Structure formats: structure tokens, C-alpha cells
>>> print(open('structure_35.cif').read())   # mmCIF, C-alpha atoms (C1' of nucleotides)
data_upload
loop_
_atom_site.label_atom_id
_atom_site.label_comp_id
_atom_site.auth_asym_id
_atom_site.auth_seq_id
_atom_site.Cartn_x
_atom_site.Cartn_y
_atom_site.Cartn_z
CA MET A 1 47.79 36.70 -33.77
CA ILE A 2 50.99 38.54 -33.16
CA ASP A 3 49.71 41.49 -35.10
CA ARG A 4 49.95 40.01 -38.56
CA MET A 5 51.08 43.24 -40.12
CA ALA A 6 54.08 43.83 -37.94
CA ALA A 7 55.12 40.20 -37.81
CA ALA A 8 56.20 38.74 -34.53
CA THR A 9 58.69 41.16 -33.07
CA HIS A 10 62.14 39.65 -32.84
CA PRO A 11 64.78 41.56 -30.91
CA ALA A 12 68.24 42.32 -32.25
CA MET A 13 70.67 39.96 -30.55
CA GLU A 14 72.96 42.79 -29.49
CA ASP A 15 70.14 44.27 -27.43
CA LEU A 16 69.85 41.20 -25.23
CA ASP A 17 71.56 40.74 -21.92
CA LEU A 18 72.44 37.66 -19.94
CA PRO A 19 69.93 38.07 -17.10
CA THR A 20 67.09 38.30 -19.61
CA VAL A 21 68.16 35.12 -21.35
CA MET A 22 68.70 33.25 -18.10
CA HIS A 23 65.29 34.32 -16.90
CA ALA A 24 63.71 33.00 -20.08
CA LEU A 25 65.38 29.66 -19.42
CA ALA A 26 64.35 29.58 -15.77
CA ASP A 27 60.89 28.10 -16.26
CA PRO A 28 59.93 24.41 -16.60
CA ILE A 29 57.48 25.00 -19.44
CA ARG A 30 59.86 27.14 -21.43
CA LEU A 31 62.66 24.64 -20.97
CA GLY A 32 60.26 21.94 -22.17
CA LEU A 33 59.55 23.97 -25.28
CA VAL A 34 63.23 24.50 -25.93
CA ARG A 35 63.87 20.81 -25.51
CA LEU A 36 61.12 19.95 -27.97
CA LEU A 37 62.68 22.30 -30.51
CA SER A 38 66.21 21.10 -29.82
CA ASP A 39 66.53 19.24 -33.12
CA GLY A 40 66.30 22.53 -34.96
CA GLU A 41 63.11 21.60 -36.76
CA GLU A 42 60.22 23.97 -37.09
CA ARG A 43 57.03 23.11 -35.20
CA ALA A 44 53.49 24.26 -35.73
CA TRP A 45 52.07 26.24 -32.82
CA GLY A 46 48.91 24.17 -32.80
CA ASP A 47 50.89 20.96 -32.53
CA LEU A 48 52.49 22.02 -29.27
CA ASP A 49 51.10 20.14 -26.30
CA ALA A 50 52.05 21.82 -23.04
CA PRO A 51 50.29 21.44 -19.69
CA VAL A 52 49.02 25.03 -19.63
CA ALA A 53 46.24 27.09 -21.22
CA ASN A 54 46.77 28.43 -24.72
CA SER A 55 47.03 31.98 -23.44
CA THR A 56 49.79 30.90 -21.09
CA LEU A 57 51.57 29.03 -23.85
CA SER A 58 51.39 32.15 -25.98
CA HIS A 59 52.95 34.09 -23.15
CA HIS A 60 55.83 31.64 -22.76
CA LEU A 61 56.55 31.67 -26.47
CA LYS A 62 56.65 35.44 -26.34
CA VAL A 63 59.18 35.35 -23.52
CA LEU A 64 61.39 32.96 -25.46
CA ARG A 65 61.10 35.10 -28.57
CA SER A 66 61.87 38.28 -26.62
CA ALA A 67 64.98 36.61 -25.28
CA GLY A 68 66.22 35.77 -28.76
CA ILE A 69 65.85 32.06 -28.19
CA THR A 70 63.14 31.29 -30.72
CA ARG A 71 61.90 32.63 -34.00
CA THR A 72 58.26 32.74 -35.03
CA ARG A 73 57.05 32.60 -38.60
CA GLU A 74 53.47 33.22 -39.69
CA GLU A 75 51.86 31.44 -42.55
CA GLY A 76 48.27 32.34 -43.15
CA LYS A 77 46.30 31.44 -40.09
CA ARG A 78 49.01 29.38 -38.44
CA CYS A 79 52.30 30.01 -36.72
CA PHE A 80 55.52 28.06 -36.73
CA VAL A 81 58.25 28.16 -34.13
CA ARG A 82 61.86 27.12 -34.14
CA LEU A 83 65.07 27.85 -32.32
CA ARG A 84 67.08 30.88 -33.33
CA SER A 85 70.28 28.90 -32.87
CA ASP A 86 72.63 30.66 -35.26
CA ASP A 87 71.95 34.20 -34.07
CA PHE A 88 71.90 33.11 -30.47
CA GLU A 89 75.18 31.24 -30.72
CA GLY A 90 76.80 34.37 -32.06
CA ARG A 91 75.74 36.42 -29.06
CA PHE A 92 75.87 33.83 -26.27
CA PRO A 93 78.32 31.16 -27.40
CA GLY A 94 77.74 27.74 -25.94
CA LEU A 95 74.76 28.65 -23.81
CA LEU A 96 72.06 27.12 -25.95
CA ASP A 97 73.94 23.90 -26.60
CA THR A 98 74.77 23.50 -22.94
CA THR A 99 71.19 24.15 -21.91
CA LEU A 100 69.80 21.75 -24.49
CA ALA A 101 72.11 19.01 -23.29
CA LEU A 102 71.00 19.53 -19.70
CA ALA A 103 67.30 19.84 -20.55
CA ALA A 104 67.48 16.57 -22.43
CA GLU A 105 68.16 14.63 -19.24
CA ALA A 106 65.48 13.41 -16.89
CA GLY A 107 65.00 14.71 -13.39
CA THR A 108 66.06 18.23 -14.21
CA GLY A 109 62.71 19.87 -13.62
CA VAL A 110 61.85 20.33 -17.27
CA ALA A 111 58.13 20.19 -18.07
CA ASP A 112 56.73 17.53 -20.35
CA VAL A 113 56.03 19.42 -23.53
CA ARG A 114 55.34 17.28 -26.57
CA LEU A 115 53.47 17.25 -29.85
CA HIS A 116 49.79 16.60 -30.24
CA SER A 117 48.86 13.25 -31.73
CA ALA A 118 49.90 14.02 -35.28
CA ALA A 119 53.64 14.13 -34.76
CA ALA A 120 55.31 15.41 -37.89
CA MET B 121 74.89 34.40 11.22
CA ILE B 122 73.68 31.40 9.34
CA ASP B 123 73.07 29.61 12.60
CA ARG B 124 76.65 28.86 13.58
CA MET B 125 75.81 25.44 14.89
CA ALA B 126 74.18 24.11 11.75
CA ALA B 127 76.60 25.80 9.37
CA ALA B 128 75.30 27.37 6.21
CA THR B 129 72.92 24.91 4.64
CA HIS B 130 74.21 23.54 1.35
CA PRO B 131 71.86 21.45 -0.76
CA ALA B 132 72.75 18.07 -2.20
CA MET B 133 73.43 18.54 -5.88
CA GLU B 134 71.03 15.77 -6.88
CA ASP B 135 68.18 17.72 -5.32
CA LEU B 136 68.65 20.68 -7.63
CA ASP B 137 66.80 21.23 -10.86
CA LEU B 138 67.59 23.31 -13.90
CA PRO B 139 64.94 26.02 -13.45
CA THR B 140 66.24 26.73 -9.94
CA VAL B 141 69.80 27.09 -11.18
CA MET B 142 68.81 29.25 -14.13
CA HIS B 143 66.79 31.48 -11.86
CA ALA B 144 69.77 31.94 -9.57
CA LEU B 145 71.78 33.03 -12.59
CA ALA B 146 69.08 35.39 -13.87
CA ASP B 147 70.00 38.39 -11.73
CA PRO B 148 72.64 41.06 -12.48
CA ILE B 149 73.97 41.14 -8.92
CA ARG B 150 74.25 37.39 -8.63
CA LEU B 151 75.98 37.17 -11.99
CA GLY B 152 78.37 39.85 -10.79
CA LEU B 153 79.13 37.80 -7.70
CA VAL B 154 79.71 34.70 -9.77
CA ARG B 155 82.01 36.61 -12.07
CA LEU B 156 83.99 37.91 -9.13
CA LEU B 157 84.42 34.37 -7.87
CA SER B 158 85.19 32.97 -11.28
CA ASP B 159 88.87 32.41 -10.55
CA GLY B 160 87.93 29.82 -7.96
CA GLU B 161 89.45 31.77 -5.10
CA GLU B 162 87.73 32.21 -1.80
CA ARG B 163 86.52 35.71 -0.90
CA ALA B 164 85.69 37.24 2.45
CA TRP B 165 82.06 38.29 2.76
CA GLY B 166 83.03 41.67 4.11
CA ASP B 167 85.29 42.33 1.14
CA LEU B 168 82.43 42.02 -1.31
CA ASP B 169 81.39 45.36 -2.72
CA ALA B 170 78.03 45.15 -4.45
CA PRO B 171 75.65 48.03 -5.17
CA VAL B 172 73.00 46.82 -2.71
CA ALA B 173 72.39 46.86 1.03
CA ASN B 174 74.05 44.19 3.15
CA SER B 175 70.77 42.48 3.83
CA THR B 176 70.14 42.24 0.10
CA LEU B 177 73.62 40.92 -0.52
CA SER B 178 73.04 38.29 2.12
CA HIS B 179 69.86 37.30 0.32
CA HIS B 180 71.62 36.94 -3.04
CA LEU B 181 74.35 34.83 -1.55
CA LYS B 182 71.72 32.59 -0.04
CA VAL B 183 70.06 32.15 -3.43
CA LEU B 184 73.36 31.22 -5.01
CA ARG B 185 74.11 28.80 -2.19
CA SER B 186 70.63 27.26 -2.43
CA ALA B 187 71.21 26.69 -6.12
CA GLY B 188 74.44 24.82 -5.49
CA ILE B 189 76.50 27.49 -7.15
CA THR B 190 78.51 28.70 -4.18
CA ARG B 191 79.78 27.33 -0.92
CA THR B 192 80.01 29.30 2.32
CA ARG B 193 82.52 28.67 5.07
CA GLU B 194 82.42 30.24 8.51
CA GLU B 195 85.47 31.15 10.45
CA GLY B 196 84.81 32.80 13.76
CA LYS B 197 83.02 36.05 13.13
CA ARG B 198 83.55 36.11 9.41
CA CYS B 199 82.32 34.22 6.35
CA PHE B 200 84.07 33.17 3.18
CA VAL B 201 82.48 32.38 -0.13
CA ARG B 202 83.66 30.52 -3.19
CA LEU B 203 82.27 28.70 -6.18
CA ARG B 204 81.18 25.11 -5.76
CA SER B 205 82.62 24.29 -9.17
CA ASP B 206 83.40 20.60 -8.82
CA ASP B 207 80.06 19.50 -7.42
CA PHE B 208 78.23 21.75 -9.82
CA GLU B 209 80.09 20.50 -12.85
CA GLY B 210 79.10 16.96 -11.92
CA ARG B 211 75.42 17.80 -11.89
CA PHE B 212 75.19 20.45 -14.61
CA PRO B 213 78.15 19.85 -16.94
CA GLY B 214 79.36 22.89 -18.82
CA LEU B 215 76.83 25.30 -17.42
CA LEU B 216 79.06 27.12 -14.98
CA ASP B 217 81.98 27.43 -17.39
CA THR B 218 79.71 28.69 -20.14
CA THR B 219 78.08 31.21 -17.83
CA LEU B 220 81.39 32.44 -16.48
CA ALA B 221 82.69 32.99 -19.99
CA LEU B 222 79.61 35.02 -20.91
CA ALA B 223 79.54 36.99 -17.66
CA ALA B 224 83.16 37.96 -18.19
CA GLU B 225 82.28 40.03 -21.24
CA ALA B 226 81.07 43.60 -21.15
CA GLY B 227 77.59 44.69 -22.10
CA THR B 228 75.93 41.54 -20.90
CA GLY B 229 73.97 43.14 -18.08
CA VAL B 230 76.16 41.85 -15.27
CA ALA B 231 76.35 44.12 -12.23
CA ASP B 232 79.61 45.67 -11.15
CA VAL B 233 80.53 43.63 -8.11
CA ARG B 234 84.08 44.06 -6.89
CA LEU B 235 86.22 43.92 -3.79
CA HIS B 236 86.47 46.65 -1.19
CA SER B 237 89.70 48.60 -1.18
CA ALA B 238 91.86 45.94 0.43
CA ALA B 239 91.88 43.48 -2.43
CA ALA B 240 93.52 40.26 -1.29
"C1'" DT C 241 29.29 37.98 -45.79
"C1'" DT C 242 29.20 34.87 -42.10
"C1'" DC C 243 31.21 31.36 -39.68
"C1'" DT C 244 35.26 28.94 -37.86
"C1'" DA C 245 39.87 28.03 -36.57
"C1'" DT C 246 44.03 30.12 -34.72
"C1'" DC C 247 46.68 32.76 -31.83
"C1'" DT C 248 47.15 37.20 -29.16
"C1'" DT C 249 45.83 40.46 -25.76
"C1'" DC C 250 43.33 42.00 -21.70
"C1'" DG C 251 42.10 41.96 -16.92
"C1'" DA C 252 42.52 39.80 -12.75
"C1'" DC C 253 44.44 36.93 -9.20
"C1'" DG C 254 47.80 35.04 -5.84
"C1'" DA C 255 52.61 33.90 -5.41
"C1'" DA C 256 57.29 35.02 -5.66
"C1'" DC C 257 60.89 38.43 -5.93
"C1'" DA C 258 64.36 42.38 -4.99
"C1'" DT C 259 65.01 45.77 -1.96
"C1'" DC C 260 65.55 48.32 2.28
"C1'" DG C 261 66.11 49.46 7.35
"C1'" DA C 262 65.80 47.71 11.81
"C1'" DA C 263 66.31 44.22 15.03
"C1'" DC C 264 68.65 40.12 16.25
"C1'" DG C 265 72.29 36.78 17.69
"C1'" DA C 266 76.89 35.22 17.78
"C1'" DT C 267 81.72 36.25 18.24
"C1'" DC C 268 85.70 38.60 19.67
"C1'" DG C 269 88.39 42.48 22.00
"C1'" DG C 270 88.86 45.21 25.94
"C1'" DC D 271 80.97 41.98 31.51
"C1'" DC D 272 80.56 45.52 27.84
"C1'" DG D 273 80.67 47.07 23.53
"C1'" DA D 274 81.85 46.64 18.75
"C1'" DT D 275 81.69 43.86 14.57
"C1'" DC D 276 79.69 40.75 11.32
"C1'" DG D 277 76.22 38.60 8.87
"C1'" DT D 278 71.41 36.83 9.12
"C1'" DT D 279 66.55 37.35 9.68
"C1'" DC D 280 62.30 39.95 10.05
"C1'" DG D 281 58.74 43.02 8.40
"C1'" DA D 282 57.27 45.97 4.90
"C1'" DT D 283 56.93 47.75 0.19
"C1'" DG D 284 56.46 47.86 -4.68
"C1'" DT D 285 57.35 44.99 -8.74
"C1'" DT D 286 57.28 41.12 -11.61
"C1'" DC D 287 55.71 36.61 -12.70
"C1'" DG D 288 52.77 32.51 -14.03
"C1'" DT D 289 48.27 31.40 -14.63
"C1'" DC D 290 43.58 31.45 -16.23
"C1'" DG D 291 39.23 32.68 -18.86
"C1'" DA D 292 37.18 35.91 -21.79
"C1'" DA D 293 37.44 38.97 -25.43
"C1'" DG D 294 39.79 40.51 -29.64
"C1'" DA D 295 41.81 40.19 -34.23
"C1'" DT D 296 43.09 37.87 -38.48
"C1'" DA D 297 42.85 34.61 -42.31
"C1'" DG D 298 40.55 31.20 -44.69
"C1'" DA D 299 36.31 28.37 -45.59
"C1'" DA D 300 31.43 28.07 -46.52
#
>>> encode(input="structure_35.cif", output="C-alpha cells")
Amino acid sequence: MIDRMAAATHPAMEDLDLPTVMHALADPIRLGLVRLLSDGEERAWGDLDAPVANSTLSHHLKVLRSAGITRTREEGKRCFVRLRSDDFEGRFPGLLDTTLALAAEAGTGVADVRLHSAAA
Amino acid sequence: MIDRMAAATHPAMEDLDLPTVMHALADPIRLGLVRLLSDGEERAWGDLDAPVANSTLSHHLKVLRSAGITRTREEGKRCFVRLRSDDFEGRFPGLLDTTLALAAEAGTGVADVRLHSAAA
DNA sequence: TTCTATCTTCGACGAACATCGAACGATCGG
DNA sequence: CCGATCGTTCGATGTTCGTCGAAGATAGAA
């Protein structure tokens, strides 16, 4: 679980470059995740329903986190994810908002990521 | 040369999806090319000075073209490239402008693509 | 402690990618 | 014609990526 003692490693925004961020946003699943989180609310890891195995989902969340796009918080046995909007906006102004607007539309190749039954 | 008779193949904007576009923008060289073209002016292929072999440059330009980001025109023996801003803006509003603004800044991991000596 | 739920990491696989040099084809100038 | 120029395409190479299942690690419950 993310190495509970070191907490999920979040990069400093100034260490990120544009290609890295673009690459993180260049996958249907990851875009689906970003879209699901677009309201700024925090979501429980276990509530995420993506069409891939858990190990793959974990990988995608790591890529997003490594690109400064999301933040992960640990609480006991569970994890919670949300966008890192403020920090990100400071480093890459406009990019997240623009991407969210585009990902919100249909027919853009964004994967169908939703919440399991118990939508909060 | 792009098959002179069929002209460089440009995709219809409605056939493009977001992951494809993001992927095209997730490479330092391609971002450098986009930045060089950011003023909307047309550039001669042969004037492009990127830190890769010609065959690689050709590949990158094809990726950008396939993603609807650039347009290629052929004139006799030479080629000219420019951004496909209008079409692109219609399909992915704000994305190109936002990317251009970010790519214009230093320290964002964008490759140094410029013009050969004879800048036009 | 032992079991269970939760997420990460490992190891492996095929596919896709960036890169190069060489070969190709088309065009234009002698 | 012949040769030079221009850009694409081919073939090869090493890397990265997305994906999975299995194994690992942690925290809480029994």
C-alpha cells in the first residue's frame, strides 16, 4: 500500500515537465479517472470502477500522481484520491481546466470510469 | 515524398480522440516543433533544425499531422508545414492555445527546435 | 495471533515508440 | 538523360508502455 511509512510520493511541481504531464493525460483510462475527479471531490480508491485489473489501476494512479495531477491520502487501510488542482494550476496554468472540459464530452476516447454501486 | 499524388494525408478532425492528441504533444521534439510554429506562419521543412536525424524528424511531423495538429503542403520538391489551428480549435477548444503558452516557457522540457541559418 | 480486506509491487508478456542509417522515389537543373 | 536534392519509407535496435496474475505488505477485525 504505497509504503505506508513514506506516504505516497508526490513530486514537487517545479520538477515536472510538459512532456511528462502530457503523457500522463494520453491514456483513456487515466483521462477517465481525471474526469471522474473533475468536481474536485475526494474519492475512495475502492470505489473506483475502471475496466482494468486492480494492479493496472494502481499503476495508472501512480502515473497521475507522478505527473502532479492527483494527490493520494491514506487513512488506515484505505486510500483516497483527488485532483491536485491548485498546485497544478500554478505550474501549468489552464491545462487541467482545458483537459477536463474536453474529457467531459463524449466521443473523445475517454474510458468509462465510474464509481462502484455505492456512489457517495 | 508523402506520395505526391495523394498529398500528405490529413485526418478529419472528427475522427481524432483526446488520447491521440495528448500523445502527439507528449514528446519534447514535437512540442519544440509546435512552439516553433506557434506564430501561425508556414515553415519550410528543410529550414527546420531539430536535434534528430531527418528520418526521425519526418516521423515526428507525421505524428503531429496524424493528430490534426499540423498541416503539410507540397510545392514541387519541397514541403511546408504550419499549425492547423482553426480546425483544431473547433474540435479541441483551448487545447492548442494552452499548450502553446506552456511550451513557450523555459524549463518545461521542450526541445530546442529552431530554424537553420537562413531564417525567413 | 490469525484472518481478512486493501492496495502495491513483482515478473512477464506483447505492442508501441523513438531513433538511426540506408534505400527509395519524385522533382528539378544541367 | 544524368545527377543532385528533398523528404519518405524500410528494417533494425533498444526502450517504454499497458496489461495481467501472483505475491507482498499493512492495518484493522476476530
>>> calpha_fit_and_write(input="structure_35.cif", fixed="chain A", moving="chain B", output="compact mmCIF listing (two decimals) with C-alpha atoms, in the coordinates of the input")
# COMPACT_ATOMS: atom_id res chain seq x y z
CA MET B 121 47.69 37.08 -33.90
CA ILE B 122 50.94 38.85 -33.32
CA ASP B 123 49.73 41.74 -35.42
CA ARG B 124 49.99 40.16 -38.86
CA MET B 125 51.27 43.32 -40.45
CA ALA B 126 54.23 43.85 -38.16
CA ALA B 127 55.10 40.17 -37.88
CA ALA B 128 56.15 38.76 -34.56
CA THR B 129 58.65 41.14 -33.07
CA HIS B 130 62.12 39.64 -32.82
CA PRO B 131 64.76 41.55 -30.90
CA ALA B 132 68.22 42.31 -32.23
CA MET B 133 70.64 39.97 -30.53
CA GLU B 134 72.94 42.80 -29.47
CA ASP B 135 70.12 44.28 -27.41
CA LEU B 136 69.83 41.21 -25.21
CA ASP B 137 71.55 40.74 -21.90
CA LEU B 138 72.42 37.66 -19.92
CA PRO B 139 69.91 38.06 -17.07
CA THR B 140 67.07 38.29 -19.60
CA VAL B 141 68.17 35.11 -21.33
CA MET B 142 68.70 33.23 -18.09
CA HIS B 143 65.29 34.28 -16.89
CA ALA B 144 63.70 32.98 -20.07
CA LEU B 145 65.40 29.65 -19.41
CA ALA B 146 64.37 29.55 -15.75
CA ASP B 147 60.90 28.08 -16.26
CA PRO B 148 59.96 24.39 -16.59
CA ILE B 149 57.51 24.98 -19.43
CA ARG B 150 59.89 27.12 -21.43
CA LEU B 151 62.68 24.61 -20.96
CA GLY B 152 60.30 21.93 -22.16
CA LEU B 153 59.56 23.96 -25.27
CA VAL B 154 63.24 24.49 -25.92
CA ARG B 155 63.89 20.80 -25.50
CA LEU B 156 61.14 19.96 -27.95
CA LEU B 157 62.70 22.30 -30.48
CA SER B 158 66.21 21.12 -29.80
CA ASP B 159 66.54 19.25 -33.09
CA GLY B 160 66.31 22.54 -34.94
CA GLU B 161 63.12 21.60 -36.73
CA GLU B 162 60.22 23.95 -37.08
CA ARG B 163 57.03 23.11 -35.17
CA ALA B 164 53.47 24.23 -35.71
CA TRP B 165 52.06 26.22 -32.81
CA GLY B 166 48.91 24.16 -32.76
CA ASP B 167 50.89 20.94 -32.50
CA LEU B 168 52.50 22.01 -29.25
CA ASP B 169 51.11 20.14 -26.29
CA ALA B 170 52.07 21.80 -23.02
CA PRO B 171 50.33 21.41 -19.67
CA VAL B 172 49.04 25.00 -19.61
CA ALA B 173 46.24 27.02 -21.17
CA ASN B 174 46.74 28.38 -24.68
CA SER B 175 46.99 31.92 -23.43
CA THR B 176 49.76 30.87 -21.06
CA LEU B 177 51.56 29.00 -23.81
CA SER B 178 51.37 32.09 -25.96
CA HIS B 179 52.93 34.06 -23.13
CA HIS B 180 55.83 31.61 -22.74
CA LEU B 181 56.54 31.64 -26.43
CA LYS B 182 56.64 35.41 -26.33
CA VAL B 183 59.17 35.32 -23.50
CA LEU B 184 61.37 32.93 -25.43
CA ARG B 185 61.08 35.07 -28.54
CA SER B 186 61.85 38.25 -26.58
CA ALA B 187 64.98 36.58 -25.25
CA GLY B 188 66.21 35.76 -28.74
CA ILE B 189 65.85 32.06 -28.16
CA THR B 190 63.14 31.27 -30.68
CA ARG B 191 61.89 32.63 -33.95
CA THR B 192 58.24 32.72 -35.01
CA ARG B 193 57.01 32.57 -38.58
CA GLU B 194 53.45 33.21 -39.68
CA GLU B 195 51.82 31.44 -42.52
CA GLY B 196 48.22 32.36 -43.12
CA LYS B 197 46.23 31.40 -40.07
CA ARG B 198 48.94 29.38 -38.42
CA CYS B 199 52.28 30.00 -36.70
CA PHE B 200 55.50 28.05 -36.71
CA VAL B 201 58.23 28.16 -34.13
CA ARG B 202 61.85 27.12 -34.14
CA LEU B 203 65.07 27.84 -32.31
CA ARG B 204 67.07 30.87 -33.32
CA SER B 205 70.27 28.89 -32.87
CA ASP B 206 72.63 30.68 -35.23
CA ASP B 207 71.94 34.22 -34.06
CA PHE B 208 71.91 33.10 -30.47
CA GLU B 209 75.18 31.25 -30.72
CA GLY B 210 76.79 34.41 -32.05
CA ARG B 211 75.73 36.44 -29.05
CA PHE B 212 75.86 33.85 -26.26
CA PRO B 213 78.32 31.17 -27.40
CA GLY B 214 77.76 27.74 -25.93
CA LEU B 215 74.79 28.66 -23.81
CA LEU B 216 72.08 27.13 -25.94
CA ASP B 217 73.98 23.91 -26.61
CA THR B 218 74.81 23.52 -22.94
CA THR B 219 71.22 24.15 -21.92
CA LEU B 220 69.83 21.76 -24.49
CA ALA B 221 72.16 19.02 -23.30
CA LEU B 222 71.04 19.52 -19.70
CA ALA B 223 67.35 19.83 -20.54
CA ALA B 224 67.53 16.56 -22.44
CA GLU B 225 68.21 14.61 -19.26
CA ALA B 226 65.56 13.38 -16.88
CA GLY B 227 65.06 14.69 -13.38
CA THR B 228 66.12 18.20 -14.21
CA GLY B 229 62.75 19.82 -13.62
CA VAL B 230 61.88 20.31 -17.28
CA ALA B 231 58.17 20.17 -18.06
CA ASP B 232 56.75 17.50 -20.32
CA VAL B 233 56.07 19.40 -23.51
CA ARG B 234 55.35 17.25 -26.54
CA LEU B 235 53.48 17.23 -29.82
CA HIS B 236 49.78 16.58 -30.21
CA SER B 237 48.86 13.23 -31.69
CA ALA B 238 49.79 14.03 -35.28
CA ALA B 239 53.53 14.22 -34.82
CA ALA B 240 55.11 15.49 -38.02
>>> residues_around(input="structure_35.cif", residues="Gly160 of chain B", least_positions_apart="5", cutoff="10 Å", atoms="all atoms listed in the file", output="list of chain:residue names")
B:Val154, B:Arg155, B:Val201, B:Arg202, B:Leu203, B:Arg204, B:Ser205
>>> resolve_selection(input="structure_35.cif", expression="the PyMOL selection byres ((chain C) within 10 of (chain B))", output="list of chain:residue names")
C:DA258, C:DT259, C:DC260, C:DG261, C:DC264, C:DG265, C:DA266, C:DT267, C:DC268
>>> interface_residues(input="structure_35.cif", of="chain D", to="chain B", cutoff="10 Å", atoms="all atoms listed in the file", output="MDAnalysis selection string")
chainID D and resid 275:279
>>> interface_residues(input="structure_35.cif", of="chain A", to="chain B", cutoff="9 Å", atoms="all atoms listed in the file", output="PyMOL selection string")
chain A and resi 14+16-28+31+92-95+98-99+101-103+107-110
>>> atom_distance(input="structure_35.cif", atom1="atom CA of Glu195 of chain B", atom2="atom CA of Ala170 of chain B")
21.8 Å
>>> atom_distance(input="structure_35.cif", atom1="atom CA of Glu89 of chain A", atom2="atom CA of Ser66 of chain A")
15.6 Å
>>> atom_distance(input="structure_35.cif", atom1="atom CA of Glu74 of chain A", atom2="atom CA of His10 of chain A")
12.8 Å
>>> axis_aligned_box(input="structure_35.cif", around="segment 214-228 of chain B", padding_each_side="8 Å", output="lines of an AutoDock Vina configuration file")
center_x = 79.5
center_y = 33.8
center_z = -18.5
size_x = 23.2
size_y = 37.8
size_z = 23.1
>>> resolve_selection(input="structure_35.cif", expression="the PyMOL selection byres ((chain D and resi 271) around 12)", output="list of chain:residue names")
C:DG270, D:DC272, D:DG273
>>> build_atoms(input="structure_35.cif", residues="segment 109-116 of chain A", atoms="all heavy atoms", output="short mmCIF file (atom, residue, chain, number, x, y, z; two decimals), in the frame of the given file")
data_model
loop_
_atom_site.label_atom_id
_atom_site.label_comp_id
_atom_site.auth_asym_id
_atom_site.auth_seq_id
_atom_site.Cartn_x
_atom_site.Cartn_y
_atom_site.Cartn_z
N GLY A 109 63.76 18.87 -13.83
CA GLY A 109 62.71 19.87 -13.62
C GLY A 109 62.19 20.50 -14.88
O GLY A 109 61.64 21.59 -14.84
N VAL A 110 62.34 19.82 -16.00
CA VAL A 110 61.85 20.33 -17.27
C VAL A 110 60.45 19.77 -17.51
O VAL A 110 60.23 18.57 -17.38
CB VAL A 110 62.79 19.93 -18.42
CG1 VAL A 110 62.24 20.41 -19.75
CG2 VAL A 110 64.18 20.48 -18.17
N ALA A 111 59.51 20.62 -17.86
CA ALA A 111 58.13 20.19 -18.07
C ALA A 111 58.00 19.30 -19.29
O ALA A 111 58.79 19.37 -20.23
CB ALA A 111 57.21 21.41 -18.21
N ASP A 112 56.97 18.47 -19.26
CA ASP A 112 56.73 17.53 -20.35
C ASP A 112 55.94 18.19 -21.46
O ASP A 112 54.72 18.16 -21.50
CB ASP A 112 55.96 16.32 -19.80
CG ASP A 112 55.72 15.28 -20.88
OD1 ASP A 112 56.60 15.12 -21.74
OD2 ASP A 112 54.65 14.65 -20.87
N VAL A 113 56.66 18.79 -22.37
CA VAL A 113 56.03 19.42 -23.53
C VAL A 113 56.26 18.52 -24.72
O VAL A 113 57.39 18.14 -25.02
CB VAL A 113 56.64 20.82 -23.80
CG1 VAL A 113 56.02 21.43 -25.03
CG2 VAL A 113 56.46 21.71 -22.60
N ARG A 114 55.19 18.17 -25.41
CA ARG A 114 55.34 17.28 -26.57
C ARG A 114 54.49 17.75 -27.73
O ARG A 114 54.04 18.89 -27.74
CB ARG A 114 54.99 15.86 -26.17
CG ARG A 114 53.62 15.74 -25.52
CD ARG A 114 53.34 14.30 -25.12
NE ARG A 114 54.06 13.88 -23.92
CZ ARG A 114 54.45 12.63 -23.70
NH1 ARG A 114 54.24 11.71 -24.62
NH2 ARG A 114 55.06 12.31 -22.59
N LEU A 115 54.29 16.89 -28.70
CA LEU A 115 53.47 17.25 -29.85
C LEU A 115 52.12 16.56 -29.74
O LEU A 115 52.02 15.44 -29.24
CB LEU A 115 54.16 16.81 -31.14
CG LEU A 115 55.45 17.56 -31.51
CD1 LEU A 115 56.08 16.96 -32.74
CD2 LEU A 115 55.15 19.03 -31.71
N HIS A 116 51.10 17.22 -30.21
CA HIS A 116 49.79 16.60 -30.24
C HIS A 116 49.82 15.42 -31.20
O HIS A 116 50.51 15.46 -32.21
CB HIS A 116 48.72 17.60 -30.71
CG HIS A 116 48.19 18.44 -29.61
ND1 HIS A 116 48.17 19.82 -29.65
CD2 HIS A 116 47.67 18.13 -28.40
CE1 HIS A 116 47.64 20.29 -28.54
NE2 HIS A 116 47.35 19.29 -27.76
#
